[in-house]
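**Student:** What follows is a single structure, and I will ask about it in a moment.
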Amino acid sequence: MKRTISIKLKVSEKEQKALFELQSAFFQACNFVAEIAFREKELNRVKLHHLSYNLIRQKIPQLGSQMSCNAIGKVAQAIKATKGKRKISFKEGCSVHFDKRTYSFKNNTLSLFTLQGRLKLPLEISAYHLGFLNQAAIREAELICKGKRWFFNLVLELPEVPFVPNRNMMAIDIGENNLAATSTGKLCGGGALKGKRDKFLAHRKRLQSNGSQSAKQRLRQISGRERRHVKHVNHSVAKMLVLEAKRNECSKIVLEDLKNIRKRIKGGKRLRSRLHRWSFDELRCFIEYKAKAQGIKILYIHPAYTSQTCSICLSLGERCKHRFFCFNCGRRQHSDLNASRNHLMPIGQPVM
């Protein structure tokens, strides 16, 4: 199981200059390879290597052989992600990919390849991150610059956690107004997050309509703040949901398969704008990897009619916002809790 830890680097002005020079050369190499890949219509990494390696070494000799290979690999991975449907271009300041040949750890010191030779940086690693480092195999890494701060994102290969024996199952209904509702009866409200995102959006609109130099400066200052807040909330909710599954001795968590849901969204501009900012997939990914770390399996089901079906008698009912009413058995319950309990029906699990 792979995990990524982010280590903040403390660098002097001289060391920072060396990292910027490396980043600039790597950026040029990536765009050069991307041009070749687009021109030759080549998606295969090995063939792309044969096409571009010698040309990179001639064009940017100071980058070195292994860093040239890393640039080719980064481009090939980006092309694979887009399936070759569009031209790839890298922005100046893109992350620099490192492998085992271009960096090393020794006695809490990080040794990095640069254009001027190896750069050795002392590290102050937190006890939390040390817990991962002591039990994991170190893999590739990415060097990232945010403003004037440098981060080393290190990928670790952790030992696989054995899945717990078959016990109970818990289903989760993911939504916008309520971030999550579990079949065990737990609700995670999304009103606070929704209000916070609306404030961020309104603030950006006011600054963008102003158009002054100070407004643009303020926009740069607050850039990424909403994204970081949403990510923090999703992490907290995912952690709470996995703990809820452990508390109820669940060996499996059932989630909705919401793939391509954005293509099915219909409504006005305001509704589409709101729903397209809904970060359901990030929350799903966080639940998945946190559950896997606890030995809990993830299952997916098709969510069709789960919000309109009664979880008691399986008859179609009526949903109005957070209220669900069944005309057949007269049952009234919270619509999201009812939907989460219906997620267990296709796999024959009794309601918890």
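Letters A, B, ... go to the chains of the structure tokens in the order shown; residues in each chain start at 1; ligands are counted from 1 in the same order.
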Just asking: which residues within segment 127-208 of chain A are strand (DSSP E or B) according to DSSP, as a PyMOL selection string?

**Tutor:** chain A and resi 137-146+149-157+168-174+178-182+187-189

**Student:** Show me, as a list in words, the residues that have an atom within 9 Å of Gly189 of chain A when counting only C-alpha atoms, minus same-chain residues fewer than 4 positions from it.

**Tutor:**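 Answer for this query is Glu176, Asn177, Asn178, Leu179, Ala180, Ala181 and Leu193 of chain A.
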
**Student:** Compare A:Phe98, A:Val233, A:Phe38, A:Ile7 by their minimum atom-to-atom distance to Leu133 of chain A, counting only C-alpha atoms, and give me the closest one.

**Tutor:**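 Answer, going by the shortest atom-to-atom distance: A:Ile7.
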
**Student:** Residues at most 12 Å from Asn260 of chain A, counting only C-alpha atoms, excluding those fewer than 6 positions away in the same chain, as a list of chain:residue names?

**Tutor:** A:His276, A:Phe280, A:Asp281

**Student:** Looking at A:Ile312, A:Leu207, A:Val237, A:Ala171, which one is nearest to Leu255 of chain A, with distances taken over only C-alpha atoms?

**Tutor:**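 Among the listed residues, the smallest separation from Leu255 of chain A belongs to A:Ala171.
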